[in-house]
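Presented below is the structure to which this report refers.
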Amino acid sequence: MDRDQQERRRRPPDTRPGGAEPSGSRRSGDRPAARSRQRPADRREPAGRERTGETRRRPAAPEGRKTPPEHGRRAPEAEKKPRQSGSPRREPPKKPGESQKKARNSRARSENARRRKQPPKQQTRRTPPKPLPRRRLLVKLATAAAVVLALILGMTIFFRVQEVRVTGNARYTAQEILDASGIEKGENLLSIGKSRAAGKILSAFPYVDQVQIGIKLPNTVNIDIVEVEASYAVEADDGWWLMDAGGKLLEPVESPEGYTRVTGISAEAPVSGGALKAREQAPEASGEEPSGEMTGSAADRAAAALEILKVLSQEDRTAQVTSVDVSQLYDIQVWYGEKYQVILSGPTELTYKTRYMVQAIEQLEQEGYRGGVLDLTFTEPGKASFIPW
């Protein structure tokens with residue numbers, strides 16, 4: 001052992017450089033010297049930090065080895081060394097919540113990738129049809145043109161009126177109705193104005209109440225009419241006029257015999273096929289004396305008379321009633337034949353009173369009564385009075 005080595009062995013451990021014995025000079029049997037608790041001069045506390053107590057100094061690392069800083073304490077600036085090019089970069093600490101954000105981004109990327117792999121949904125909008133080939137298009141156009149040509153030929157050559165059938169006529173002949181309609185044989189069947197022809201028939205024949213015209217291919221026209229029955233006679237300036245239950249004037253007659261006479265109203269300017277329009281003053285053309293001063297307006301008296309006539313037609317009692325007098329609006333009277341005089345009183349509930357009259361007279365005839373006065377004033381609700389002759 002040379003002299004230098006002996007000198008180093010005799011030197012205390014804290015005076016040696018680095019604070020530790022070189023590894024090459026340590027013997028297997030020697031123990032390391034006790035470490036000094038004194039901090040080296042070059043390792044001082046950072047500025048602004050006070051030492052609260054004595055801390056245990058870590059042993060110094062051998063030469064050539066970097067001493068790690070104590071736990072929770074930063075190394076002094078003097079001991080920092082520049083990072084070598086080959087050494088790995090130290091990653092900065094992660095911010096709080098950055099891992100959750102990365103996880104969300106990763107899930108979103110996986111979801112987008114899964115959606116891209118799925119087949120696209122079927123679109124609700126209809127795709128435009130593919131254009132037809134030229135040959136098929138020409139075939140379709142030729143077919144449509146043939147259909148149109150067939151229709152034109154059918155309307156011009158075929159479907160011609162060759163027969164007209166008239167049904168429901170009793171007062172007028174079929175030829176009269178055909179002439180009034182304006183329909184001619186040889187006319188185009190599909191171009192007939194049915195409404196126009198029906199209007200012509202109604203205006204030409206007052207006894208025709210309804211007209212229905214139909215066609216039957218290939219060449220037939222059917223005309224069905226409904227005629228009215230003249231059952232009532234009403235006074236006018238020039239005599240008596242026949243009338244139906246709806247107030248339609250039919251034609252003038254010399255005598256009202258055989259018809260139910262409606263007195264108390266008169267037709268003003270009567271026209272065949274026209275509606276009844278009552279005038280205010282009663283005429284004297286019939287040669288009869290006025291039945292007395294009239295009460296109520298002419299329109300109210302006419303409405304009351306038509307309501308009674310409508311019920312008589314529905315009950316099929318027109319032939320049994322000889323007269324309806326509405327000259328006194330609040331004292332309406334009906335003669336049921338020559339035996340029963342019926343007092344209907346005012347214009348209220350005339351439909352009910354007329355039906356009551358028909359049923360009551362049927363019951364009186366069954367009981368053997370031959371006539372009398374039936375009062376339907378109904379002084380007591382639902383009770384009528386009868387005074388036999």
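In the structure tokens, chains take the letters A, B, ... in the order shown, each chain's residues start at 1, and ligands count up from 1 in the order shown.
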### Task
Write down as a PyMOL selection string the residues of region 140-366 of chain A whose backbone DSSP state falls under helix (DSSP H, G or I).
chain A and resi 140-156+174-181+189-191+194-204+298-314+350-366
If you take only C-alpha atoms and a cut-off of 12 Å, which residues of region 186-266 of chain A touch region 333-349 of chain A, and what are their nearest atom pairs and distances in Å to one decimal, in chain and number order, as a Markdown table?
```
| residue | atom | partner | partner_atom | distance |
| --- | --- | --- | --- | --- |
| A:Gly258 | CA | A:Gly337 | CA | 11.6 |
| A:Tyr259 | CA | A:Gly337 | CA | 11.7 |
| A:Thr260 | CA | A:Trp335 | CA | 9.7 |
| A:Arg261 | CA | A:Trp335 | CA | 10.1 |
| A:Val262 | CA | A:Val334 | CA | 9.7 |
| A:Thr263 | CA | A:Gln333 | CA | 10.2 |
| A:Gly264 | CA | A:Gln333 | CA | 10.7 |
```
Writer output for current selection, N, CA and C atoms, as a short mmCIF file (atom, residue, chain, number, x, y, z; two decimals), in the first residue's frame:
```
data_model
loop_
_atom_site.label_atom_id
_atom_site.label_comp_id
_atom_site.auth_asym_id
_atom_site.auth_seq_id
_atom_site.Cartn_x
_atom_site.Cartn_y
_atom_site.Cartn_z
N GLY A 258 -166.23 18.77 -58.57
CA GLY A 258 -165.37 17.58 -58.58
C GLY A 258 -164.00 17.83 -57.98
N TYR A 259 -163.73 19.04 -57.57
CA TYR A 259 -162.44 19.37 -56.95
C TYR A 259 -162.68 19.99 -55.57
N THR A 260 -161.70 19.90 -54.74
CA THR A 260 -161.77 20.53 -53.42
C THR A 260 -161.53 22.02 -53.59
N ARG A 261 -162.52 22.80 -53.18
CA ARG A 261 -162.41 24.24 -53.34
C ARG A 261 -161.66 24.85 -52.16
N VAL A 262 -160.75 25.76 -52.49
CA VAL A 262 -159.99 26.49 -51.48
C VAL A 262 -160.48 27.93 -51.54
N THR A 263 -161.20 28.35 -50.49
CA THR A 263 -161.76 29.69 -50.44
C THR A 263 -161.02 30.51 -49.40
N GLY A 264 -161.12 31.82 -49.58
CA GLY A 264 -160.43 32.74 -48.68
C GLY A 264 -159.14 33.28 -49.25
#
```
### Residue contacts of region 140-154 of chain A (12 Å, only C-alpha atoms) excluding same-chain residues fewer than 6 positions away, as a list in words
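Counting only the stated atoms, we get Leu132, Pro133, Arg134, Arg160, Asn188, Leu189, Leu190, Leu217, Pro218 and Asn219 of chain A.
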Once you have the residues from the selection above, write them out as an mmCIF file, in the first residue's frame, restricted to all heavy atoms.
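And here's out_15.cif as it stands now:
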```cif
data_model
loop_
_atom_site.group_PDB
_atom_site.id
_atom_site.type_symbol
_atom_site.label_atom_id
_atom_site.label_comp_id
_atom_site.auth_asym_id
_atom_site.auth_seq_id
_atom_site.Cartn_x
_atom_site.Cartn_y
_atom_site.Cartn_z
ATOM 1 N N LEU A 132 -87.507 5.317 -69.989
ATOM 2 C CA LEU A 132 -87.845 4.160 -70.794
ATOM 3 C C LEU A 132 -86.973 4.116 -72.046
ATOM 4 O O LEU A 132 -86.560 5.152 -72.580
ATOM 5 C CB LEU A 132 -89.318 4.217 -71.202
ATOM 6 C CG LEU A 132 -90.328 4.111 -70.059
ATOM 7 C CD1 LEU A 132 -91.730 4.314 -70.604
ATOM 8 C CD2 LEU A 132 -90.220 2.759 -69.369
ATOM 9 N N PRO A 133 -86.733 2.941 -72.509
ATOM 10 C CA PRO A 133 -86.016 2.846 -73.788
ATOM 11 C C PRO A 133 -86.840 3.489 -74.903
ATOM 12 O O PRO A 133 -88.048 3.649 -74.799
ATOM 13 C CB PRO A 133 -85.850 1.332 -73.986
ATOM 14 C CG PRO A 133 -85.999 0.743 -72.621
ATOM 15 C CD PRO A 133 -86.924 1.646 -71.881
ATOM 16 N N ARG A 134 -86.189 3.837 -75.925
ATOM 17 C CA ARG A 134 -86.845 4.550 -77.021
ATOM 18 C C ARG A 134 -87.952 3.706 -77.649
ATOM 19 O O ARG A 134 -89.037 4.206 -77.944
ATOM 20 C CB ARG A 134 -85.799 4.933 -78.075
ATOM 21 C CG ARG A 134 -86.365 5.750 -79.224
ATOM 22 C CD ARG A 134 -85.281 6.123 -80.190
ATOM 23 N NE ARG A 134 -85.793 6.925 -81.277
ATOM 24 C CZ ARG A 134 -85.963 8.240 -81.220
ATOM 25 N NH1 ARG A 134 -85.657 8.896 -80.108
ATOM 26 N NH2 ARG A 134 -86.436 8.899 -82.261
ATOM 27 N N ARG A 160 -124.793 6.808 -81.258
ATOM 28 C CA ARG A 160 -125.788 7.729 -81.806
ATOM 29 C C ARG A 160 -127.163 7.377 -81.265
ATOM 30 O O ARG A 160 -127.465 6.203 -81.014
ATOM 31 C CB ARG A 160 -125.804 7.643 -83.330
ATOM 32 C CG ARG A 160 -124.529 8.106 -84.001
ATOM 33 C CD ARG A 160 -124.384 9.592 -83.900
ATOM 34 N NE ARG A 160 -123.189 10.079 -84.564
ATOM 35 C CZ ARG A 160 -122.887 11.363 -84.677
ATOM 36 N NH1 ARG A 160 -123.691 12.274 -84.164
ATOM 37 N NH2 ARG A 160 -121.787 11.735 -85.284
ATOM 38 N N ASN A 188 -125.459 12.768 -81.003
ATOM 39 C CA ASN A 188 -124.427 12.080 -80.221
ATOM 40 C C ASN A 188 -124.974 11.781 -78.830
ATOM 41 O O ASN A 188 -125.435 12.661 -78.114
ATOM 42 C CB ASN A 188 -123.168 12.950 -80.116
ATOM 43 C CG ASN A 188 -121.977 12.155 -79.610
ATOM 44 O OD1 ASN A 188 -122.104 11.351 -78.718
ATOM 45 N ND2 ASN A 188 -120.828 12.391 -80.212
ATOM 46 N N LEU A 189 -124.885 10.517 -78.441
ATOM 47 C CA LEU A 189 -125.464 10.083 -77.167
ATOM 48 C C LEU A 189 -124.724 10.669 -75.969
ATOM 49 O O LEU A 189 -125.326 10.957 -74.931
ATOM 50 C CB LEU A 189 -125.462 8.556 -77.095
ATOM 51 C CG LEU A 189 -126.220 7.902 -75.939
ATOM 52 C CD1 LEU A 189 -127.703 8.170 -76.088
ATOM 53 C CD2 LEU A 189 -125.957 6.413 -75.885
ATOM 54 N N LEU A 190 -123.418 10.850 -76.091
ATOM 55 C CA LEU A 190 -122.614 11.307 -74.959
ATOM 56 C C LEU A 190 -122.621 12.818 -74.791
ATOM 57 O O LEU A 190 -122.128 13.326 -73.777
ATOM 58 C CB LEU A 190 -121.169 10.821 -75.125
ATOM 59 C CG LEU A 190 -120.987 9.305 -75.221
ATOM 60 C CD1 LEU A 190 -119.515 8.961 -75.412
ATOM 61 C CD2 LEU A 190 -121.554 8.601 -73.999
ATOM 62 N N LEU A 217 -126.138 2.751 -73.163
ATOM 63 C CA LEU A 217 -125.294 2.446 -74.315
ATOM 64 C C LEU A 217 -125.802 1.182 -75.007
ATOM 65 O O LEU A 217 -126.313 0.274 -74.367
ATOM 66 C CB LEU A 217 -123.844 2.281 -73.862
ATOM 67 C CG LEU A 217 -123.189 3.511 -73.235
ATOM 68 C CD1 LEU A 217 -121.764 3.170 -72.789
ATOM 69 C CD2 LEU A 217 -123.186 4.682 -74.178
ATOM 70 N N PRO A 218 -125.733 1.139 -76.348
ATOM 71 C CA PRO A 218 -124.979 2.106 -77.160
ATOM 72 C C PRO A 218 -125.814 3.202 -77.797
ATOM 73 O O PRO A 218 -125.239 4.149 -78.334
ATOM 74 C CB PRO A 218 -124.375 1.211 -78.233
ATOM 75 C CG PRO A 218 -125.398 0.136 -78.430
ATOM 76 C CD PRO A 218 -126.050 -0.085 -77.089
ATOM 77 N N ASN A 219 -127.188 3.136 -77.737
ATOM 78 C CA ASN A 219 -127.941 4.078 -78.562
ATOM 79 C C ASN A 219 -129.331 4.405 -78.020
ATOM 80 O O ASN A 219 -130.223 4.752 -78.785
ATOM 81 C CB ASN A 219 -128.090 3.510 -79.983
ATOM 82 C CG ASN A 219 -128.685 2.103 -80.000
ATOM 83 O OD1 ASN A 219 -129.227 1.646 -78.994
ATOM 84 N ND2 ASN A 219 -128.589 1.424 -81.119
#
```
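Taking CA of Pro270 (chain A) and CA of Asp244 (chain A) as endpoints, the distance between them is 13.6 Å.
The shell of residues at most 8 Å from Trp240 (chain A), with only C-alpha atoms counted and near chain neighbours (fewer than 3 positions) removed, consists of Ala233, Val234, Glu235, Ala236, Pro252, Val253, Glu254, Ser255, Pro256 and Ser286 of chain A.
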### Neighbour list for Arg279 (chain A) as a ChimeraX atom specification, cut-off 10 Å, only C-alpha atoms, skip fewer than 3 positions in-chain
/A:236,265-269,276,282-283,297-299,302
Just to be explicit: take each residue in the selection above, keep N, CA and C atoms, and write the result as a PDB file, in the first residue's frame.
```pdb
ATOM      1  N   ALA A 236    -159.520  32.986 -58.939  1.00  0.00           N
ATOM      2  CA  ALA A 236    -158.624  33.938 -59.602  1.00  0.00           C
ATOM      3  C   ALA A 236    -159.469  35.023 -60.247  1.00  0.00           C
ATOM      4  N   ILE A 265    -158.652  32.721 -50.335  1.00  0.00           N
ATOM      5  CA  ILE A 265    -157.472  33.214 -51.038  1.00  0.00           C
ATOM      6  C   ILE A 265    -157.781  33.237 -52.533  1.00  0.00           C
ATOM      7  N   SER A 266    -157.033  34.034 -53.277  1.00  0.00           N
ATOM      8  CA  SER A 266    -157.196  34.106 -54.723  1.00  0.00           C
ATOM      9  C   SER A 266    -155.819  34.237 -55.365  1.00  0.00           C
ATOM     10  N   ALA A 267    -155.683  33.634 -56.546  1.00  0.00           N
ATOM     11  CA  ALA A 267    -154.411  33.660 -57.264  1.00  0.00           C
ATOM     12  C   ALA A 267    -154.269  34.964 -58.015  1.00  0.00           C
ATOM     13  N   GLU A 268    -153.115  35.556 -57.888  1.00  0.00           N
ATOM     14  CA  GLU A 268    -152.826  36.802 -58.575  1.00  0.00           C
ATOM     15  C   GLU A 268    -151.974  36.528 -59.810  1.00  0.00           C
ATOM     16  N   ALA A 269    -152.477  36.947 -60.986  1.00  0.00           N
ATOM     17  CA  ALA A 269    -151.791  36.742 -62.274  1.00  0.00           C
ATOM     18  C   ALA A 269    -151.375  35.296 -62.434  1.00  0.00           C
ATOM     19  N   LEU A 276    -148.475  29.432 -56.717  1.00  0.00           N
ATOM     20  CA  LEU A 276    -149.581  30.248 -56.219  1.00  0.00           C
ATOM     21  C   LEU A 276    -149.042  31.485 -55.522  1.00  0.00           C
ATOM     22  N   ALA A 282    -160.192  39.551 -52.110  1.00  0.00           N
ATOM     23  CA  ALA A 282    -160.839  38.392 -52.721  1.00  0.00           C
ATOM     24  C   ALA A 282    -161.547  38.818 -53.985  1.00  0.00           C
ATOM     25  N   PRO A 283    -161.506  38.020 -55.052  1.00  0.00           N
ATOM     26  CA  PRO A 283    -162.178  38.375 -56.294  1.00  0.00           C
ATOM     27  C   PRO A 283    -163.667  38.088 -56.219  1.00  0.00           C
ATOM     28  N   SER A 297    -153.100  38.126 -43.069  1.00  0.00           N
ATOM     29  CA  SER A 297    -152.530  38.486 -44.363  1.00  0.00           C
ATOM     30  C   SER A 297    -152.788  37.385 -45.381  1.00  0.00           C
ATOM     31  N   ALA A 298    -152.714  37.749 -46.675  1.00  0.00           N
ATOM     32  CA  ALA A 298    -152.950  36.779 -47.733  1.00  0.00           C
ATOM     33  C   ALA A 298    -151.891  35.686 -47.725  1.00  0.00           C
ATOM     34  N   ALA A 299    -150.640  36.042 -47.427  1.00  0.00           N
ATOM     35  CA  ALA A 299    -149.570  35.038 -47.388  1.00  0.00           C
ATOM     36  C   ALA A 299    -149.799  34.038 -46.259  1.00  0.00           C
ATOM     37  N   ALA A 302    -152.670  31.712 -47.287  1.00  0.00           N
ATOM     38  CA  ALA A 302    -152.236  30.746 -48.299  1.00  0.00           C
ATOM     39  C   ALA A 302    -151.359  29.655 -47.677  1.00  0.00           C
TER      40      ALA A 302
END
```
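By chain and then residue number, the residues within 6 Å of Glu227 (chain A) are Tyr207, Val208 and Asp209 of chain A, counting only C-alpha atoms and disregarding those fewer than 4 positions away in sequence.
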For the selection you just gave me, I'd like the residues written to a file as a PDB file, in the first residue's frame, keeping all heavy atoms.
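Result file result_28.pdb:
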```pdb
ATOM      1  N   TYR A 207    -148.445  19.660 -65.843  1.00  0.00           N
ATOM      2  CA  TYR A 207    -148.800  18.483 -65.041  1.00  0.00           C
ATOM      3  C   TYR A 207    -147.601  17.574 -64.769  1.00  0.00           C
ATOM      4  O   TYR A 207    -147.733  16.604 -64.018  1.00  0.00           O
ATOM      5  CB  TYR A 207    -149.898  17.688 -65.750  1.00  0.00           C
ATOM      6  CG  TYR A 207    -151.267  18.294 -65.595  1.00  0.00           C
ATOM      7  CD1 TYR A 207    -151.737  19.232 -66.498  1.00  0.00           C
ATOM      8  CD2 TYR A 207    -152.093  17.932 -64.540  1.00  0.00           C
ATOM      9  CE1 TYR A 207    -152.993  19.802 -66.359  1.00  0.00           C
ATOM     10  CE2 TYR A 207    -153.356  18.492 -64.396  1.00  0.00           C
ATOM     11  CZ  TYR A 207    -153.798  19.429 -65.300  1.00  0.00           C
ATOM     12  OH  TYR A 207    -155.044  19.988 -65.149  1.00  0.00           O
ATOM     13  N   VAL A 208    -146.476  17.861 -65.387  1.00  0.00           N
ATOM     14  CA  VAL A 208    -145.259  17.080 -65.115  1.00  0.00           C
ATOM     15  C   VAL A 208    -144.574  17.679 -63.892  1.00  0.00           C
ATOM     16  O   VAL A 208    -144.213  18.862 -63.872  1.00  0.00           O
ATOM     17  CB  VAL A 208    -144.324  17.072 -66.330  1.00  0.00           C
ATOM     18  CG1 VAL A 208    -143.037  16.325 -65.998  1.00  0.00           C
ATOM     19  CG2 VAL A 208    -145.010  16.428 -67.525  1.00  0.00           C
ATOM     20  N   ASP A 209    -144.374  16.828 -62.895  1.00  0.00           N
ATOM     21  CA  ASP A 209    -143.782  17.305 -61.636  1.00  0.00           C
ATOM     22  C   ASP A 209    -142.287  16.996 -61.567  1.00  0.00           C
ATOM     23  O   ASP A 209    -141.514  17.809 -61.063  1.00  0.00           O
ATOM     24  CB  ASP A 209    -144.503  16.665 -60.453  1.00  0.00           C
ATOM     25  CG  ASP A 209    -144.015  17.209 -59.131  1.00  0.00           C
ATOM     26  OD1 ASP A 209    -143.842  18.437 -59.032  1.00  0.00           O
ATOM     27  OD2 ASP A 209    -143.775  16.414 -58.186  1.00  0.00           O
TER      28      ASP A 209
END
```
### Message
Here is a test: counting only C-alpha atoms, which residue of A:Arg196, A:Arg165, A:Lys117, A:Lys353 is nearest to Gly382 (chain A)?
### Response
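Going through A:Arg196, A:Arg165, A:Lys117, A:Lys353 one by one, the smallest distance to Gly382 (chain A) is for A:Lys353.
Going from CA of Asp179 (chain A) to CA of Thr220 (chain A) covers 16.0 Å.
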### Message
As an exercise, work out the distance from CA of Thr167 (chain A) to CA of Asn222 (chain A) in Å and give it to one decimal place.
### Response
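Computing the Euclidean distance for CA of Thr167 (chain A) and CA of Asn222 (chain A) yields 7.9 Å.
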